[in-house]
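Following: one structure in structure tokens, then a few remarks.
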Amino acid sequence: MSIRQLVTGLASLRDFATGPIPHGVTALLLEVMGLCLEVLTKLSLHLRESNDPRAAAAHASVIEKIFRYTVREQIRSLSHLEATAAHLLSGEELTALREHRTDFSRPATLDTGRTAYANASTFSAAWLGIDFFEADRRLNDAHLLIARRFMDGSAITPRFTALATLHAEEQGLDPRRVAQTARSLDKFEPPDTSFEGLPLDPTATHEGQSMQERAVKLLREADRATGAKKLKNLLSDYRKANKEYVQAECGLFYQGNTNGIDSFLLRSQGLQSEQLHSFVGQSDNPRTESGQAARKPAPLAPADLFSSADPAPDWAQDPAAEPTELTEPTELTEPTQPAQESAPAATAPVESPADPPPEASELEVSVAQRRLNALLASLSASKTGVKTVTPQVLVHMQASNLSDLASATAVTAHGVELEPAELRQLLCEAKIIPIVFGGKGQVLDVGRAQRLFPEPIKKAAFARDRGCIVPGCNAPHEMLEYHHCNWWERGGKTCIENCAVLCRHHHALIHRRLLRIQMVGSVPHIVLPEFLDPDQIPRRNSYFYAAA
């Protein structure tokens, strides 16, 4: 085909896509859809041969739009199958459809009496070649988001009308998230009885507001990760408030041995969870000595048979061996750097950085293995020279709660909610650092200024920002850095008003000028690149704030 023919055909295709479609051409429309699929396959094959990254990015964007359309159309098509009673089609009609010789100008022939397929789900599974449970799930999604049916087949509104509007109109939103949310909310409602003629609309509320409306708001959250976390918290809060969950037992459970590998299951909550989060965050940090040590594969050595200074009993002695002097037990592993004396945990619970950080090529073990290495090193803390992680627990709470600890709750740096009993126990031995905020979130009074941010300013900035301020970033607080909004070399001061919390990755993007900081009410906000945010709206990360 020449370029001229392609341009002419494209103009005709535009007219067809934007103009009305004539009636009575069902077979022609189905043929056009089949040809569209063939054209799409051919075009994708050609575009994948291009070495231009711009073509690759544009192609991926188009494919994602097609995928989201297909996901929406999957449940719409199941609803259409149910509405037209396609499961009643006769065997002759189905054979004709498979062989592309159906005469759409005459009425369809339906089976009477005992039919081959009981309902739309069983027919869809057989006709589309999918699992029955998948077909049934799609049809249930259609009842939640497309339309419900009375016994006579007539349609009524879907169960979740607000989510249905979101599913149909928000083309930039992943429809799978909307469907998953609808299924989750449906579990909080009594079984729908629309088929029996008594449709039940959703009634679940939380804190005086409809669960559906709150879910729609969170699905529209600009940052996907933040919205997903808040939605998860909303569902969890509803289950707790209505006691619709079974509390799993916490502890360390042996799961058995498979091919020489032992498996353990660890469940925790509250303060124990925060300690584990802190432990993992510090072991992942390549700038600490224990983080570096955990990245090295530890050599396996047999454990010492005797841990005391007493000689082995007579029955354990080798009669042919020469008597030898007792020596101190040898280390299982040698420290990667000279051992340093650790400060007391109460004054320095987070270890100081080790300089320089290891190169990527030195990371010889997996993420899971390095965490295990750090855990085992902590269990062996009595061995001289072994650098271990000391978990740090940072808790954010309102000053007003200090006067009513019987019902006070708090949130840790990793987002773990502490119950009143755990909070009271922690406060008995905690060092309380008061930080005062103004009406717009500004920290009014803490610490002093110097070239590098001192600990009081860091703690104040972290209390304000809770983490990296880039929307959606969920880096743990052990991996955070503190940035001069007005750069130091440009005359910026070292004070809380000029401090922003960033993870290492986004800190680098700031200095590469891919991200920009803008102050709004003396609080740092992030302006994303124009290709991500054409409106250039200053934003702040709300991922670490649990409230939905």
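FYI, nothing fancy with the structure tokens labels: chains A, B, ... in order, residues from 1 per chain, ligands from 1 as they appear.
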
So which residues touch Ile63 of chain A within 12 Å, counting only C-alpha atoms, skipping near sequence neighbours fewer than 4 positions away, as a ChimeraX atom specification?
/A:40-41,43-44,47-48,56-59,67-70

Selected residues, N, CA and C atoms, written as a PDB file, in the first residue's frame, please.
```pdb
ATOM      1  N   LEU A  40      -4.277  -3.875  14.016  1.00  0.00           N
ATOM      2  CA  LEU A  40      -3.563  -3.578  15.256  1.00  0.00           C
ATOM      3  C   LEU A  40      -2.343  -4.480  15.402  1.00  0.00           C
ATOM      4  N   THR A  41      -2.519  -5.763  15.100  1.00  0.00           N
ATOM      5  CA  THR A  41      -1.398  -6.707  15.197  1.00  0.00           C
ATOM      6  C   THR A  41      -0.275  -6.314  14.242  1.00  0.00           C
ATOM      7  N   LEU A  43       0.313  -3.306  12.860  1.00  0.00           N
ATOM      8  CA  LEU A  43       0.911  -2.030  13.243  1.00  0.00           C
ATOM      9  C   LEU A  43       1.849  -2.193  14.434  1.00  0.00           C
ATOM     10  N   SER A  44       1.446  -2.988  15.432  1.00  0.00           N
ATOM     11  CA  SER A  44       2.297  -3.207  16.601  1.00  0.00           C
ATOM     12  C   SER A  44       3.595  -3.893  16.217  1.00  0.00           C
ATOM     13  N   LEU A  47       5.790  -1.242  14.651  1.00  0.00           N
ATOM     14  CA  LEU A  47       6.297  -0.257  15.606  1.00  0.00           C
ATOM     15  C   LEU A  47       7.367  -0.844  16.520  1.00  0.00           C
ATOM     16  N   ARG A  48       7.253  -2.139  16.833  1.00  0.00           N
ATOM     17  CA  ARG A  48       8.257  -2.761  17.704  1.00  0.00           C
ATOM     18  C   ARG A  48       9.600  -2.906  17.004  1.00  0.00           C
ATOM     19  N   ALA A  56       8.540   3.873  20.961  1.00  0.00           N
ATOM     20  CA  ALA A  56       8.255   2.827  21.950  1.00  0.00           C
ATOM     21  C   ALA A  56       7.343   3.358  23.047  1.00  0.00           C
ATOM     22  N   ALA A  57       7.609   4.581  23.515  1.00  0.00           N
ATOM     23  CA  ALA A  57       6.788   5.161  24.587  1.00  0.00           C
ATOM     24  C   ALA A  57       5.366   5.441  24.098  1.00  0.00           C
ATOM     25  N   ALA A  58       5.240   6.001  22.891  1.00  0.00           N
ATOM     26  CA  ALA A  58       3.910   6.292  22.352  1.00  0.00           C
ATOM     27  C   ALA A  58       3.132   5.013  22.084  1.00  0.00           C
ATOM     28  N   HIS A  59       3.812   3.990  21.579  1.00  0.00           N
ATOM     29  CA  HIS A  59       3.159   2.707  21.304  1.00  0.00           C
ATOM     30  C   HIS A  59       2.653   2.076  22.601  1.00  0.00           C
ATOM     31  N   PHE A  67      -5.857  -1.778  26.253  1.00  0.00           N
ATOM     32  CA  PHE A  67      -6.042  -2.777  27.302  1.00  0.00           C
ATOM     33  C   PHE A  67      -7.144  -2.347  28.266  1.00  0.00           C
ATOM     34  N   ARG A  68      -7.121  -1.079  28.688  1.00  0.00           N
ATOM     35  CA  ARG A  68      -8.139  -0.619  29.622  1.00  0.00           C
ATOM     36  C   ARG A  68      -9.526  -0.637  28.982  1.00  0.00           C
ATOM     37  N   TYR A  69      -9.592  -0.301  27.702  1.00  0.00           N
ATOM     38  CA  TYR A  69     -10.869  -0.421  27.011  1.00  0.00           C
ATOM     39  C   TYR A  69     -11.335  -1.877  27.010  1.00  0.00           C
ATOM     40  N   THR A  70     -10.415  -2.791  26.753  1.00  0.00           N
ATOM     41  CA  THR A  70     -10.768  -4.212  26.692  1.00  0.00           C
ATOM     42  C   THR A  70     -11.259  -4.716  28.044  1.00  0.00           C
TER      43      THR A  70
END
```

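Straight-line separation from atom CA of Glu92 of chain A to atom CA of Asp152 of chain A: 25.1 Å.
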
Could you state the separation of atom CA of Cys485 of chain A and atom CA of His277 of chain A in Å, given to one decimal place?
28.7 Å

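Note that atom CA of Cys473 of chain A and atom CA of Thr226 of chain A are 8.5 Å apart.
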
Spatial neighbours of segment 178-189 of chain A, max dist 9 Å, only C-alpha atoms, sep filter under 2 positions, as a PyMOL selection string
chain A and resi 140-141+144-145+159-160+163-164+166-167+173-176+191-192+200-204+211-212+215-216+219+231+235+238-239+244

Applying 9 Å and only C-alpha atoms, which residues near Gly270 of chain A remain after dropping the ones on its own chain fewer than 6 positions away? List them as a PDB file with N, CA and C atoms, in the first residue's frame.
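The resulting around.pdb:
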```pdb
ATOM      1  N   VAL A 416       2.621   2.429  61.376  1.00  0.00           N
ATOM      2  CA  VAL A 416       1.987   1.422  62.232  1.00  0.00           C
ATOM      3  C   VAL A 416       1.204   2.147  63.332  1.00  0.00           C
ATOM      4  N   GLU A 417      -0.056   1.791  63.495  1.00  0.00           N
ATOM      5  CA  GLU A 417      -0.882   2.403  64.529  1.00  0.00           C
ATOM      6  C   GLU A 417      -0.678   1.672  65.860  1.00  0.00           C
ATOM      7  N   LEU A 418      -0.411   2.445  66.909  1.00  0.00           N
ATOM      8  CA  LEU A 418      -0.204   1.879  68.241  1.00  0.00           C
ATOM      9  C   LEU A 418      -1.468   2.047  69.070  1.00  0.00           C
ATOM     10  N   GLU A 419      -1.863   0.978  69.729  1.00  0.00           N
ATOM     11  CA  GLU A 419      -3.015   1.027  70.611  1.00  0.00           C
ATOM     12  C   GLU A 419      -2.640   1.731  71.924  1.00  0.00           C
ATOM     13  N   GLU A 422      -0.060  -0.086  74.278  1.00  0.00           N
ATOM     14  CA  GLU A 422       1.305  -0.094  73.767  1.00  0.00           C
ATOM     15  C   GLU A 422       1.925   1.294  73.871  1.00  0.00           C
TER      16      GLU A 422
END
```

With DSSP run on the backbone, what are the strand (DSSP E) residues within segment 207-280 of chain A? I'd like them as a PyMOL selection string.
chain A and resi 209-210+251-258+261-267

Just write the chosen residues, C-alpha atoms, as a short mmCIF file (atom, residue, chain, number, x, y, z; two decimals), in the first residue's frame.
```
data_model
loop_
_atom_site.label_atom_id
_atom_site.label_comp_id
_atom_site.auth_asym_id
_atom_site.auth_seq_id
_atom_site.Cartn_x
_atom_site.Cartn_y
_atom_site.Cartn_z
CA GLN A 209 -20.16 9.01 55.27
CA SER A 210 -21.05 6.51 52.56
CA GLY A 251 4.38 -15.00 66.57
CA LEU A 252 7.10 -16.93 64.80
CA PHE A 253 5.85 -20.15 63.23
CA TYR A 254 7.94 -22.97 61.78
CA GLN A 255 6.52 -23.95 58.38
CA GLY A 256 8.61 -27.02 57.73
CA ASN A 257 11.54 -27.98 55.52
CA THR A 258 11.43 -28.24 51.73
CA ILE A 261 15.28 -25.03 53.18
CA ASP A 262 13.56 -24.20 56.46
CA SER A 263 10.55 -21.86 56.27
CA PHE A 264 9.34 -19.60 59.06
CA LEU A 265 6.25 -17.41 59.15
CA LEU A 266 6.49 -14.19 61.18
CA ARG A 267 3.37 -12.24 62.20
#
```

Nearby residues (only C-alpha atoms) at most 12 Å from Ala125 of chain A, same-chain spacing under 4 positions excluded, as JSON, numbers by chain
{"A": [78, 81, 87, 117, 118, 119, 120, 121, 129, 130, 131, 132, 133, 134, 135, 136, 137, 138, 139]}

Nearest to Ser79 of chain A among A:Thr161, A:Asn51, A:Ser154, A:Gln282, with distances taken over only C-alpha atoms: which residue is it?
A:Ser154

Within 12 Å of Arg466 of chain A using only C-alpha atoms, minus same-chain residues under 6 positions, as a PDB file with C-alpha atoms, in the first residue's frame:
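That gives us selection-v1.pdb:
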```
ATOM      1  CA  LEU A 394       9.637   7.151  66.230  1.00  0.00           C
ATOM      2  CA  VAL A 395       6.065   7.939  67.221  1.00  0.00           C
ATOM      3  CA  HIS A 396       3.885  10.871  66.154  1.00  0.00           C
ATOM      4  CA  VAL A 411       1.218   6.454  64.455  1.00  0.00           C
ATOM      5  CA  THR A 412       4.846   5.382  64.034  1.00  0.00           C
ATOM      6  CA  ALA A 413       7.291   6.533  61.392  1.00  0.00           C
ATOM      7  CA  HIS A 414       6.422   3.480  59.269  1.00  0.00           C
ATOM      8  CA  GLY A 415       2.670   4.046  59.541  1.00  0.00           C
ATOM      9  CA  GLY A 441       2.041  22.932  59.181  1.00  0.00           C
ATOM     10  CA  LYS A 458      15.875  16.692  61.008  1.00  0.00           C
ATOM     11  CA  LYS A 459      13.407  15.325  63.524  1.00  0.00           C
ATOM     12  CA  ALA A 460      11.217  18.403  63.131  1.00  0.00           C
ATOM     13  CA  CYS A 473       7.069   7.828  47.415  1.00  0.00           C
ATOM     14  CA  ASN A 474       7.044   5.314  50.272  1.00  0.00           C
ATOM     15  CA  ALA A 475      10.760   5.125  51.085  1.00  0.00           C
ATOM     16  CA  PRO A 476      11.325   4.211  54.768  1.00  0.00           C
ATOM     17  CA  HIS A 477      12.681   6.928  57.039  1.00  0.00           C
ATOM     18  CA  GLU A 478      16.054   5.173  57.351  1.00  0.00           C
ATOM     19  CA  LEU A 480      15.807   9.686  53.821  1.00  0.00           C
ATOM     20  CA  ALA A 500      12.728  19.349  52.874  1.00  0.00           C
ATOM     21  CA  VAL A 501      12.729  15.589  53.407  1.00  0.00           C
ATOM     22  CA  LEU A 502      13.603  13.553  50.300  1.00  0.00           C
ATOM     23  CA  CYS A 503      14.641   9.989  49.597  1.00  0.00           C
ATOM     24  CA  ARG A 540       2.838  17.119  48.682  1.00  0.00           C
ATOM     25  CA  ASN A 541       3.016  13.456  49.500  1.00  0.00           C
ATOM     26  CA  SER A 542       0.161  12.241  51.695  1.00  0.00           C
ATOM     27  CA  TYR A 543       1.089   8.544  51.472  1.00  0.00           C
ATOM     28  CA  PHE A 544       2.212   8.401  55.110  1.00  0.00           C
ATOM     29  CA  TYR A 545      -0.958   9.950  56.482  1.00  0.00           C
ATOM     30  CA  ALA A 546      -3.307   7.098  57.292  1.00  0.00           C
TER      31      ALA A 546
END
```

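Among A:Ala463, A:Asn233, A:Ala222, A:Ala368, the residue with the shortest atom-to-atom distance to Asp533 of chain A, counting only C-alpha atoms, is A:Ala222.
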